[in-house]
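Source file run16.cif; content: mmCIF, C-alpha atoms; chains and numbers go by the auth columns.
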```cif
data_my_file
loop_
_atom_site.group_PDB
_atom_site.id
_atom_site.type_symbol
_atom_site.label_atom_id
_atom_site.label_comp_id
_atom_site.label_asym_id
_atom_site.label_seq_id
_atom_site.Cartn_x
_atom_site.Cartn_y
_atom_site.Cartn_z
_atom_site.B_iso_or_equiv
_atom_site.auth_seq_id
_atom_site.auth_asym_id
ATOM 1 C CA MET A 1 -41.839 197.647 98.332 0.00 238 I
ATOM 2 C CA THR A 2 -38.801 198.466 100.414 0.00 239 I
ATOM 3 C CA SER A 3 -37.950 202.028 101.349 0.00 240 I
ATOM 4 C CA PRO A 4 -34.891 204.007 100.232 0.00 241 I
ATOM 5 C CA GLN A 5 -31.746 203.604 102.255 0.00 242 I
ATOM 6 C CA GLU A 6 -31.302 206.108 105.039 0.00 243 I
ATOM 7 C CA GLU A 7 -27.618 206.713 104.507 0.00 244 I
ATOM 8 C CA GLU A 8 -25.820 207.280 101.244 0.00 245 I
ATOM 9 C CA SER A 9 -23.871 204.299 99.942 0.00 246 I
ATOM 10 C CA VAL A 10 -20.632 205.505 98.385 0.00 247 I
ATOM 11 C CA PHE A 11 -18.048 203.035 97.130 0.00 248 I
ATOM 12 C CA SER A 12 -14.651 203.907 95.767 0.00 249 I
ATOM 13 C CA ASN A 13 -14.811 201.229 93.084 0.00 250 I
ATOM 14 C CA TRP A 14 -16.799 198.319 91.666 0.00 251 I
ATOM 15 C CA ASN A 15 -14.872 195.657 93.585 0.00 252 I
ATOM 16 C CA GLU A 16 -15.626 197.360 96.881 0.00 253 I
ATOM 17 C CA PHE A 17 -19.318 197.379 96.055 0.00 254 I
ATOM 18 C CA LEU A 18 -19.173 193.640 95.232 0.00 255 I
ATOM 19 C CA SER A 19 -17.307 192.825 98.426 0.00 256 I
ATOM 20 C CA LYS A 20 -20.014 194.451 100.546 0.00 257 I
ATOM 21 C CA ASN A 21 -22.986 193.176 98.538 0.00 258 I
ATOM 22 C CA PRO A 22 -22.934 189.379 97.987 0.00 259 I
ATOM 23 C CA GLN A 23 -26.502 189.764 96.730 0.00 260 I
ATOM 24 C CA PHE A 24 -27.823 192.892 95.083 0.00 261 I
ATOM 25 C CA LYS A 25 -30.515 194.234 92.780 0.00 262 I
ATOM 26 C CA ILE A 26 -29.479 196.197 89.715 0.00 263 I
ATOM 27 C CA LEU A 27 -31.568 198.384 87.427 0.00 264 I
ATOM 28 C CA VAL A 28 -30.381 198.666 83.809 0.00 265 I
ATOM 29 C CA LEU A 29 -31.356 201.647 81.640 0.00 266 I
ATOM 30 C CA ASP A 30 -30.550 202.737 78.102 0.00 267 I
ATOM 31 C CA SER A 31 -32.448 204.738 75.497 0.00 268 I
ATOM 32 C CA SER A 32 -29.612 205.906 73.261 0.00 269 I
ATOM 33 C CA SER A 33 -30.837 204.035 70.172 0.00 270 I
ATOM 34 C CA SER A 34 -34.133 202.750 68.774 0.00 271 I
ATOM 35 C CA PHE A 35 -34.327 200.303 71.698 0.00 272 I
ATOM 36 C CA LEU A 36 -35.708 201.256 75.082 0.00 273 I
ATOM 37 C CA VAL A 37 -34.066 199.128 77.769 0.00 274 I
ATOM 38 C CA CYS A 38 -35.405 199.064 81.308 0.00 275 I
ATOM 39 C CA SER A 39 -34.442 195.816 83.033 0.00 276 I
ATOM 40 C CA PHE A 40 -34.047 194.642 86.587 0.00 277 I
ATOM 41 C CA PHE A 41 -31.908 191.780 87.899 0.00 278 I
ATOM 42 C CA GLN A 42 -31.161 190.297 91.293 0.00 279 I
ATOM 43 C CA ILE A 43 -27.614 188.989 91.421 0.00 280 I
ATOM 44 C CA HIS A 44 -26.176 186.345 93.720 0.00 281 I
ATOM 45 C CA GLN A 45 -22.391 186.222 93.783 0.00 282 I
ATOM 46 C CA GLU A 46 -20.779 182.778 93.861 0.00 283 I
ATOM 47 C CA ASP A 47 -17.243 181.455 94.232 0.00 284 I
ATOM 48 C CA LEU A 48 -16.819 181.048 90.477 0.00 285 I
ATOM 49 C CA GLY A 49 -18.990 183.891 89.261 0.00 286 I
ATOM 50 C CA PHE A 50 -22.588 184.910 89.784 0.00 287 I
ATOM 51 C CA SER A 51 -26.150 183.836 89.078 0.00 288 I
ATOM 52 C CA PHE A 52 -29.452 185.581 88.335 0.00 289 I
ATOM 53 C CA LEU A 53 -32.083 185.013 91.014 0.00 290 I
ATOM 54 C CA LEU A 54 -34.846 187.015 89.349 0.00 291 I
ATOM 55 C CA SER A 55 -35.232 189.345 86.416 0.00 292 I
ATOM 56 C CA ALA A 56 -37.661 191.655 84.702 0.00 293 I
ATOM 57 C CA THR A 57 -36.569 192.589 81.204 0.00 294 I
ATOM 58 C CA ASN A 58 -37.958 195.291 78.944 0.00 295 I
ATOM 59 C CA GLU A 59 -35.918 195.519 75.741 0.00 296 I
ATOM 60 C CA VAL A 60 -38.311 196.929 73.181 0.00 297 I
ATOM 61 C CA LYS A 61 -38.216 198.867 69.950 0.00 298 I
ATOM 62 C CA GLU A 62 -39.754 202.279 70.518 0.00 299 I
ATOM 63 C CA SER A 63 -40.036 205.440 68.509 0.00 300 I
ATOM 64 C CA ARG A 64 -37.795 208.097 69.972 0.00 301 I
ATOM 65 C CA SER A 65 -40.862 210.037 71.114 0.00 302 I
ATOM 66 C CA SER A 66 -42.218 207.157 73.225 0.00 303 I
ATOM 67 C CA PHE A 67 -39.985 207.320 76.269 0.00 304 I
ATOM 68 C CA GLN A 68 -42.938 208.082 78.513 0.00 305 I
ATOM 69 C CA LYS A 69 -43.265 204.295 78.678 0.00 306 I
ATOM 70 C CA LEU A 70 -40.144 204.257 80.811 0.00 307 I
ATOM 71 C CA SER A 71 -42.106 205.497 83.827 0.00 308 I
ATOM 72 C CA PHE A 72 -44.602 202.654 83.446 0.00 309 I
ATOM 73 C CA TYR A 73 -41.827 200.068 83.266 0.00 310 I
ATOM 74 C CA LEU A 74 -40.161 201.513 86.355 0.00 311 I
ATOM 75 C CA ASN A 75 -43.384 201.628 88.324 0.00 312 I
ATOM 76 C CA ASP A 76 -44.123 197.997 87.478 0.00 313 I
ATOM 77 C CA ILE A 77 -40.590 196.869 88.379 0.00 314 I
ATOM 78 C CA PHE A 78 -40.480 198.679 91.713 0.00 315 I
ATOM 79 C CA ARG A 79 -43.955 197.483 92.650 0.00 316 I
ATOM 80 C CA GLN A 80 -43.059 193.843 91.999 0.00 317 I
ATOM 81 C CA HIS A 81 -39.395 193.669 92.985 0.00 318 I
ATOM 82 C CA GLY A 82 -38.589 196.657 95.200 0.00 319 I
ATOM 83 C CA PHE A 83 -35.849 199.203 94.674 0.00 320 I
ATOM 84 C CA PRO A 84 -32.370 198.497 93.244 0.00 321 I
ATOM 85 C CA ASN A 85 -29.068 198.667 95.123 0.00 322 I
ATOM 86 C CA ILE A 86 -27.248 200.021 92.083 0.00 323 I
ATOM 87 C CA VAL A 87 -28.064 201.407 88.618 0.00 324 I
ATOM 88 C CA LEU A 88 -26.303 200.691 85.321 0.00 325 I
ATOM 89 C CA VAL A 89 -26.986 203.216 82.557 0.00 326 I
ATOM 90 C CA GLY A 90 -25.824 203.666 78.992 0.00 327 I
ATOM 91 C CA VAL A 91 -24.613 207.255 78.689 0.00 328 I
ATOM 92 C CA GLY A 92 -24.601 207.498 74.884 0.00 329 I
ATOM 93 C CA PRO A 93 -23.748 208.617 72.321 0.00 330 I
ATOM 94 C CA GLY A 94 -26.961 208.321 70.340 0.00 331 I
ATOM 95 C CA SER A 95 -30.348 209.963 70.382 0.00 332 I
ATOM 96 C CA PHE A 96 -29.892 213.327 72.073 0.00 333 I
ATOM 97 C CA THR A 97 -33.275 213.176 73.799 0.00 334 I
ATOM 98 C CA GLY A 98 -32.997 209.476 74.594 0.00 335 I
ATOM 99 C CA VAL A 99 -29.600 209.783 76.236 0.00 336 I
ATOM 100 C CA ARG A 100 -30.736 212.692 78.417 0.00 337 I
ATOM 101 C CA ILE A 101 -33.843 210.797 79.548 0.00 338 I
ATOM 102 C CA SER A 102 -32.083 207.590 80.593 0.00 339 I
ATOM 103 C CA VAL A 103 -29.122 209.345 82.228 0.00 340 I
ATOM 104 C CA SER A 104 -31.370 211.823 84.052 0.00 341 I
ATOM 105 C CA THR A 105 -33.572 208.973 85.280 0.00 342 I
ATOM 106 C CA ALA A 106 -30.531 207.047 86.544 0.00 343 I
ATOM 107 C CA ARG A 107 -29.133 210.112 88.296 0.00 344 I
ATOM 108 C CA ASN A 108 -32.462 210.963 89.923 0.00 345 I
ATOM 109 C CA LEU A 109 -32.974 207.427 91.183 0.00 346 I
ATOM 110 C CA ALA A 110 -29.424 207.241 92.501 0.00 347 I
ATOM 111 C CA GLN A 111 -29.885 210.531 94.323 0.00 348 I
ATOM 112 C CA PHE A 112 -33.281 209.586 95.764 0.00 349 I
ATOM 113 C CA LEU A 113 -32.302 206.044 96.780 0.00 350 I
ATOM 114 C CA ARG A 114 -28.754 207.048 97.798 0.00 351 I
ATOM 115 C CA ILE A 115 -27.197 204.264 95.727 0.00 352 I
ATOM 116 C CA PRO A 116 -24.244 204.196 93.314 0.00 353 I
ATOM 117 C CA VAL A 117 -24.651 204.367 89.555 0.00 354 I
ATOM 118 C CA ILE A 118 -22.415 202.947 86.821 0.00 355 I
ATOM 119 C CA GLY A 119 -22.193 204.853 83.538 0.00 356 I
ATOM 120 C CA ILE A 120 -20.866 202.987 80.478 0.00 357 I
ATOM 121 C CA ASP A 121 -20.933 204.213 76.911 0.00 358 I
ATOM 122 C CA SER A 122 -23.885 202.657 75.116 0.00 359 I
ATOM 123 C CA MET A 123 -21.824 201.412 72.180 0.00 360 I
ATOM 124 C CA SER A 124 -19.757 199.231 74.516 0.00 361 I
ATOM 125 C CA LEU A 125 -22.934 197.791 76.009 0.00 362 I
ATOM 126 C CA TYR A 126 -24.320 196.949 72.577 0.00 363 I
ATOM 127 C CA ALA A 127 -20.984 195.606 71.416 0.00 364 I
ATOM 128 C CA TYR A 128 -20.683 193.255 74.358 0.00 365 I
ATOM 129 C CA TYR A 129 -24.027 191.698 73.506 0.00 366 I
ATOM 130 C CA LEU A 130 -22.933 191.336 69.851 0.00 367 I
ATOM 131 C CA TYR A 131 -19.611 189.880 70.966 0.00 368 I
ATOM 132 C CA LYS A 132 -21.348 187.251 73.100 0.00 369 I
ATOM 133 C CA GLU A 133 -23.997 186.539 70.466 0.00 370 I
ATOM 134 C CA HIS A 134 -21.777 186.238 67.377 0.00 371 I
ATOM 135 C CA LYS A 135 -18.365 185.297 68.825 0.00 372 I
ATOM 136 C CA LEU A 136 -16.531 187.781 66.596 0.00 373 I
ATOM 137 C CA SER A 137 -12.995 188.999 67.217 0.00 374 I
ATOM 138 C CA GLU A 138 -13.355 192.244 65.243 0.00 375 I
ATOM 139 C CA PHE A 139 -16.340 194.362 64.229 0.00 376 I
ATOM 140 C CA TYR A 140 -17.776 197.884 64.192 0.00 377 I
ATOM 141 C CA VAL A 141 -20.857 199.224 65.949 0.00 378 I
ATOM 142 C CA ILE A 142 -22.550 202.149 64.222 0.00 379 I
ATOM 143 C CA PHE A 143 -25.350 204.425 65.478 0.00 380 I
ATOM 144 C CA ASP A 144 -27.122 207.029 63.375 0.00 381 I
ATOM 145 C CA ALA A 145 -25.898 210.523 64.336 0.00 382 I
ATOM 146 C CA LYS A 146 -28.222 212.302 61.860 0.00 383 I
ATOM 147 C CA GLN A 147 -27.090 214.925 59.326 0.00 384 I
ATOM 148 C CA LYS A 148 -25.394 212.185 57.220 0.00 385 I
ATOM 149 C CA GLN A 149 -23.106 211.296 60.114 0.00 386 I
ATOM 150 C CA VAL A 150 -22.620 208.208 62.255 0.00 387 I
ATOM 151 C CA TYR A 151 -21.218 207.342 65.662 0.00 388 I
ATOM 152 C CA MET A 152 -18.745 204.505 65.280 0.00 389 I
ATOM 153 C CA LYS A 153 -16.674 202.321 67.570 0.00 390 I
ATOM 154 C CA LYS A 154 -14.403 199.442 66.638 0.00 391 I
ATOM 155 C CA PHE A 155 -14.123 196.353 68.809 0.00 392 I
ATOM 156 C CA ASP A 156 -11.166 194.000 68.624 0.00 393 I
ATOM 157 C CA VAL A 157 -8.686 192.418 71.033 0.00 394 I
ATOM 158 C CA SER A 158 -8.356 195.714 72.926 0.00 395 I
ATOM 159 C CA PHE A 159 -12.156 195.821 73.153 0.00 396 I
ATOM 160 C CA PHE A 160 -12.685 198.948 75.259 0.00 397 I
ATOM 161 C CA GLY A 161 -9.472 200.671 74.273 0.00 398 I
ATOM 162 C CA ASN A 162 -10.769 202.092 70.995 0.00 399 I
ATOM 163 C CA PRO A 163 -12.316 205.577 70.946 0.00 400 I
ATOM 164 C CA ILE A 164 -15.823 206.471 69.796 0.00 401 I
ATOM 165 C CA GLN A 165 -15.640 208.444 66.573 0.00 402 I
ATOM 166 C CA ILE A 166 -18.068 210.521 64.563 0.00 403 I
ATOM 167 C CA LYS A 167 -17.773 210.143 60.798 0.00 404 I
ATOM 168 C CA SER A 168 -19.645 211.157 57.672 0.00 405 I
ATOM 169 C CA LEU A 169 -21.241 208.451 55.566 0.00 406 I
ATOM 170 C CA MET A 170 -18.644 209.070 52.881 0.00 407 I
ATOM 171 C CA GLU A 171 -15.777 208.487 55.303 0.00 408 I
ATOM 172 C CA LEU A 172 -16.950 204.916 55.862 0.00 409 I
ATOM 173 C CA HIS A 173 -15.497 204.070 52.450 0.00 410 I
ATOM 174 C CA GLU A 174 -12.076 204.242 54.083 0.00 411 I
ATOM 175 C CA LEU A 175 -12.834 201.380 56.491 0.00 412 I
ATOM 176 C CA PRO A 176 -11.920 197.730 55.807 0.00 413 I
ATOM 177 C CA SER A 177 -14.757 196.349 53.708 0.00 414 I
ATOM 178 C CA LYS A 178 -14.648 192.802 55.112 0.00 415 I
ATOM 179 C CA VAL A 179 -15.037 193.702 58.778 0.00 416 I
ATOM 180 C CA PRO A 180 -18.686 193.320 59.926 0.00 417 I
ATOM 181 C CA PHE A 181 -20.698 196.488 60.588 0.00 418 I
ATOM 182 C CA PHE A 182 -23.595 196.258 63.053 0.00 419 I
ATOM 183 C CA VAL A 183 -26.105 199.098 62.757 0.00 420 I
ATOM 184 C CA GLU A 184 -29.565 200.027 63.966 0.00 421 I
ATOM 185 C CA GLU A 185 -32.130 198.201 61.834 0.00 422 I
ATOM 186 C CA GLU A 186 -33.891 201.430 60.851 0.00 423 I
ATOM 187 C CA PHE A 187 -30.625 202.853 59.519 0.00 424 I
ATOM 188 C CA ILE A 188 -29.450 199.889 57.473 0.00 425 I
ATOM 189 C CA ASN A 189 -30.921 200.935 54.103 0.00 426 I
ATOM 190 C CA THR A 190 -29.365 204.381 54.342 0.00 427 I
ATOM 191 C CA LEU A 191 -25.978 202.895 55.092 0.00 428 I
ATOM 192 C CA GLN A 192 -26.192 200.263 52.353 0.00 429 I
ATOM 193 C CA ASN A 193 -27.223 202.802 49.716 0.00 430 I
ATOM 194 C CA SER A 194 -24.410 205.145 50.712 0.00 431 I
ATOM 195 C CA ASN A 195 -21.613 202.553 50.849 0.00 432 I
ATOM 196 C CA ARG A 196 -21.646 199.906 48.158 0.00 433 I
ATOM 197 C CA GLU A 197 -18.189 198.663 49.163 0.00 434 I
ATOM 198 C CA ILE A 198 -19.410 197.541 52.596 0.00 435 I
ATOM 199 C CA LYS A 199 -22.970 196.661 51.585 0.00 436 I
ATOM 200 C CA ASN A 200 -22.474 192.898 51.986 0.00 437 I
ATOM 201 C CA HIS A 201 -20.939 193.284 55.447 0.00 438 I
ATOM 202 C CA ILE A 202 -23.650 195.374 57.101 0.00 439 I
ATOM 203 C CA TYR A 203 -25.874 193.601 59.630 0.00 440 I
ATOM 204 C CA PRO A 204 -28.893 194.976 61.522 0.00 441 I
ATOM 205 C CA ILE A 205 -29.080 195.008 65.319 0.00 442 I
ATOM 206 C CA GLN A 206 -32.449 193.270 65.586 0.00 443 I
ATOM 207 C CA LYS A 207 -32.509 192.723 69.326 0.00 444 I
ATOM 208 C CA ILE A 208 -30.587 193.415 72.506 0.00 445 I
ATOM 209 C CA GLU A 209 -30.168 191.355 75.654 0.00 446 I
ATOM 210 C CA SER A 210 -29.384 193.523 78.638 0.00 447 I
ATOM 211 C CA LYS A 211 -28.612 190.389 80.657 0.00 448 I
ATOM 212 C CA THR A 212 -25.248 190.307 78.875 0.00 449 I
ATOM 213 C CA TRP A 213 -24.539 193.804 80.193 0.00 450 I
ATOM 214 C CA ILE A 214 -24.435 192.317 83.679 0.00 451 I
ATOM 215 C CA GLU A 215 -21.966 189.733 82.409 0.00 452 I
ATOM 216 C CA LEU A 216 -19.867 192.637 81.151 0.00 453 I
ATOM 217 C CA LEU A 217 -19.568 193.973 84.682 0.00 454 I
ATOM 218 C CA PHE A 218 -17.954 190.706 85.760 0.00 455 I
ATOM 219 C CA ASP A 219 -15.750 190.276 82.686 0.00 456 I
ATOM 220 C CA PRO A 220 -11.998 190.646 83.436 0.00 457 I
ATOM 221 C CA LYS A 221 -11.537 192.419 80.089 0.00 458 I
ATOM 222 C CA ALA A 222 -13.658 195.296 81.334 0.00 459 I
ATOM 223 C CA THR A 223 -11.636 197.526 83.627 0.00 460 I
ATOM 224 C CA MET A 224 -14.488 198.574 85.846 0.00 461 I
ATOM 225 C CA ASN A 225 -12.416 201.166 87.652 0.00 462 I
ATOM 226 C CA ASP A 226 -12.539 203.123 84.382 0.00 463 I
ATOM 227 C CA PHE A 227 -16.325 202.919 84.209 0.00 464 I
ATOM 228 C CA TYR A 228 -17.471 202.890 87.814 0.00 465 I
ATOM 229 C CA LYS A 229 -18.992 206.024 89.330 0.00 466 I
ATOM 230 C CA SER A 230 -19.974 206.117 92.986 0.00 467 I
ATOM 231 C CA ASN A 231 -21.643 209.524 92.808 0.00 468 I
ATOM 232 C CA TYR A 232 -24.621 210.320 90.590 0.00 469 I
ATOM 233 C CA LYS A 233 -23.134 213.759 89.827 0.00 470 I
ATOM 234 C CA GLU A 234 -20.247 212.110 87.987 0.00 471 I
ATOM 235 C CA VAL A 235 -22.466 210.284 85.483 0.00 472 I
ATOM 236 C CA LEU A 236 -22.997 212.549 82.479 0.00 473 I
ATOM 237 C CA PRO A 237 -24.480 212.106 79.008 0.00 474 I
ATOM 238 C CA LEU A 238 -21.820 211.409 76.417 0.00 475 I
ATOM 239 C CA TYR A 239 -22.135 214.016 73.676 0.00 476 I
ATOM 240 C CA ILE A 240 -19.528 214.090 70.935 0.00 477 I
ATOM 241 C CA LYS A 241 -21.268 216.157 68.281 0.00 478 I
ATOM 242 C CA GLN A 242 -20.689 219.877 67.864 0.00 479 I
ATOM 243 C CA ASP A 243 -24.156 220.910 66.694 0.00 480 I
ATOM 244 C CA PRO A 244 -26.140 223.565 68.649 0.00 481 I
ATOM 245 C CA ALA A 245 -28.193 221.043 70.653 0.00 482 I
ATOM 246 C CA HIS A 246 -25.094 219.300 71.985 0.00 483 I
ATOM 247 C CA GLN A 247 -23.196 222.539 72.542 0.00 484 I
ATOM 248 C CA LYS A 248 -25.989 223.561 74.898 0.00 485 I
ATOM 249 C CA TYR A 249 -24.792 220.842 77.290 0.00 486 I
ATOM 250 C CA PRO A 250 -20.976 220.969 77.042 0.00 487 I
ATOM 251 C CA GLU A 251 -20.540 219.047 80.314 0.00 488 I
ATOM 252 C CA GLY A 252 -21.029 215.842 78.345 0.00 489 I
ATOM 253 C CA LEU A 253 -17.802 216.500 76.459 0.00 490 I
ATOM 254 C CA LYS A 254 -15.837 216.184 79.698 0.00 491 I
ATOM 255 C CA ARG A 255 -16.200 212.398 79.435 0.00 492 I
ATOM 256 C CA LEU A 256 -13.919 212.227 76.395 0.00 493 I
#
```

Encoded form using structure tokens:
Amino acid sequence: MTSPQEEESVFSNWNEFLSKNPQFKILVLDSSSSFLVCSFFQIHQEDLGFSFLLSATNEVKESRSSFQKLSFYLNDIFRQHGFPNIVLVGVGPGSFTGVRISVSTARNLAQFLRIPVIGIDSMSLYAYYLYKEHKLSEFYVIFDAKQKQVYMKKFDVSFFGNPIQIKSLMELHELPSKVPFFVEEEFINTLQNSNREIKNHIYPIQKIESKTWIELLFDPKATMNDFYKSNYKEVLPLYIKQDPAHQKYPEGLKRL
């Protein structure tokens, strides 16, 4: 296992990091939904793109009280592959506890290893996998926000230009009924029973492939200057609810 870098690596943007790191190791974390993602990739940049030299992927369904497994995944990854040069983390919205765990872990590692961290909203990460998997030009991603509410983001030609919204289950009746809705598998029955108009256009998110999230970083459609953070202090959980638990950490609202 290699040791942490002695001097802090701070880059003003994603392209600068790429220019100085033709090969790099990246740790990918997200626990905003019912999936726990803890993956590790070594990237080799090439003239026409990039390639994966090695990988260790953990993309598993976990109960939202089982995030202690994250430490075991990290220990196994670092023991086999060494430390990363950069961290990519989904910052939410989603499970309040899950988002705090993954973002806090990413921040702590970035501080300890003195490496940059990229924070991207989790719905964009999920959507990019769905976009690559299903080749759709327009669809919605929906996460359960509890209390008969959902987090929702629409993806179309603008892709990342659409805002994340929080809506009640009843408000989903107002959405176009023929546009596909991708939701967490555990939430699909609730959504179908609440919205008969969109029942035939609701599809479960049955798996996730964090490898596509690395492809997102190299996609010209993704303006990485909008996502890239070179300082761990700048990466914050994305909270958009106004309930007491989220109001306790108002710094997350600064991301909107």

*Excluding same-chain residues fewer than 4 positions from segment 287-300 of chain I, what lies within 10 Å of it counting all atoms listed in the file, as a ChimeraX atom specification?*
/I:259-268,270-283,304,306-307,310-311,313-314,317-318,443-448,451-452,455

*Grab the atom CA of Phe309 of chain I to atom CA of Lys470 of chain I distance for me, in Å with one decimal place.*
25.0 Å

_Pick from I:Phe419, I:Asn468, I:Glu375, I:Gly319 nearest to Met389 of chain I, counting all atoms listed in the file_ =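 Smallest separation from Met389 of chain I among the options: I:Phe419.
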
*For the point (-32.9, 211.2, 78.3) in the file's frame, write as number ranges by chain all residues with an atom no more than 12 Å away, counting all atoms listed in the file.*
I: 266-270, 273, 301-305, 307, 326-345, 473-475

Would you save the residues of that selection, restricted to C-alpha atoms, as a tab-separated table (two decimals), in the coordinates of the input?
```tsv
chain	number	residue	atom	x	y	z
I	266	LEU	CA	-31.36	201.65	81.64
I	267	ASP	CA	-30.55	202.74	78.10
I	268	SER	CA	-32.45	204.74	75.50
I	269	SER	CA	-29.61	205.91	73.26
I	270	SER	CA	-30.84	204.04	70.17
I	273	LEU	CA	-35.71	201.26	75.08
I	301	ARG	CA	-37.80	208.10	69.97
I	302	SER	CA	-40.86	210.04	71.11
I	303	SER	CA	-42.22	207.16	73.22
I	304	PHE	CA	-39.98	207.32	76.27
I	305	GLN	CA	-42.94	208.08	78.51
I	307	LEU	CA	-40.14	204.26	80.81
I	326	VAL	CA	-26.99	203.22	82.56
I	327	GLY	CA	-25.82	203.67	78.99
I	328	VAL	CA	-24.61	207.26	78.69
I	329	GLY	CA	-24.60	207.50	74.88
I	330	PRO	CA	-23.75	208.62	72.32
I	331	GLY	CA	-26.96	208.32	70.34
I	332	SER	CA	-30.35	209.96	70.38
I	333	PHE	CA	-29.89	213.33	72.07
I	334	THR	CA	-33.28	213.18	73.80
I	335	GLY	CA	-33.00	209.48	74.59
I	336	VAL	CA	-29.60	209.78	76.24
I	337	ARG	CA	-30.74	212.69	78.42
I	338	ILE	CA	-33.84	210.80	79.55
I	339	SER	CA	-32.08	207.59	80.59
I	340	VAL	CA	-29.12	209.34	82.23
I	341	SER	CA	-31.37	211.82	84.05
I	342	THR	CA	-33.57	208.97	85.28
I	343	ALA	CA	-30.53	207.05	86.54
I	344	ARG	CA	-29.13	210.11	88.30
I	345	ASN	CA	-32.46	210.96	89.92
I	473	LEU	CA	-23.00	212.55	82.48
I	474	PRO	CA	-24.48	212.11	79.01
I	475	LEU	CA	-21.82	211.41	76.42
```

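Minimum atom-to-atom distance to Pro400 of chain I, evaluated using only C-alpha atoms, belongs to I:Asp358 out of I:Leu412, I:Asp358, I:Tyr440, I:Asp284.
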
*asked:* As an exercise, work out the distance from atom CA of Glu408 of chain I to atom CA of Phe376 of chain I in Å and give it to one decimal place.
replied: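 Distance between the two atoms: 16.7 Å.
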
*Taking only C-alpha atoms into account, which of I:Ile425, I:Leu367, I:Tyr469, I:Lys385 comes nearest Phe248 of chain I?*
I:Tyr469

*Select all residues near (-29.9, 198.4, 60.3) (cut-off 9 Å, inclusive, file coordinates), counting only C-alpha atoms, and output them as JSON, numbers by chain.*
{"I": [419, 420, 421, 422, 423, 424, 425, 426, 427, 428, 429, 439, 440, 441, 442, 443]}

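As for atom CA of Lys478 of chain I and atom CA of Gln386 of chain I, they are spaced 9.7 Å apart.
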
*Taking into account all atoms listed in the file, which residue in the set I:Arg316, I:Lys383, I:Asn399, I:Tyr377 is nearest to Lys415 of chain I?*
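Going through I:Arg316, I:Lys383, I:Asn399, I:Tyr377 one by one, the smallest distance to Lys415 of chain I is for I:Tyr377.
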
*asked:* Which residue is closest to Phe254 of chain I? Choose from I:Leu373, I:Leu346, I:Leu454, I:Leu362 and count only C-alpha atoms.
replied: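 Using only C-alpha atoms, the shortest distance to Phe254 of chain I belongs to I:Leu454.
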
*With distances taken over only C-alpha atoms, which of I:Ile379, I:Val394, I:Ala364, I:Ile323 is nearest to Phe349 of chain I?*
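Between I:Ile379, I:Val394, I:Ala364, I:Ile323, the residue approaching Phe349 of chain I most closely is I:Ile323.
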
Give the centre and edge lengths of an axis-aligned box, in Å to one decimal, that holds all listed atoms of segment 357-363 of chain I with 4 Å on each side, as lines of an AutoDock Vina configuration file.
```
center_x = -22.0
center_y = 200.6
center_z = 76.3
size_x = 12.6
size_y = 15.3
size_z = 16.3
```
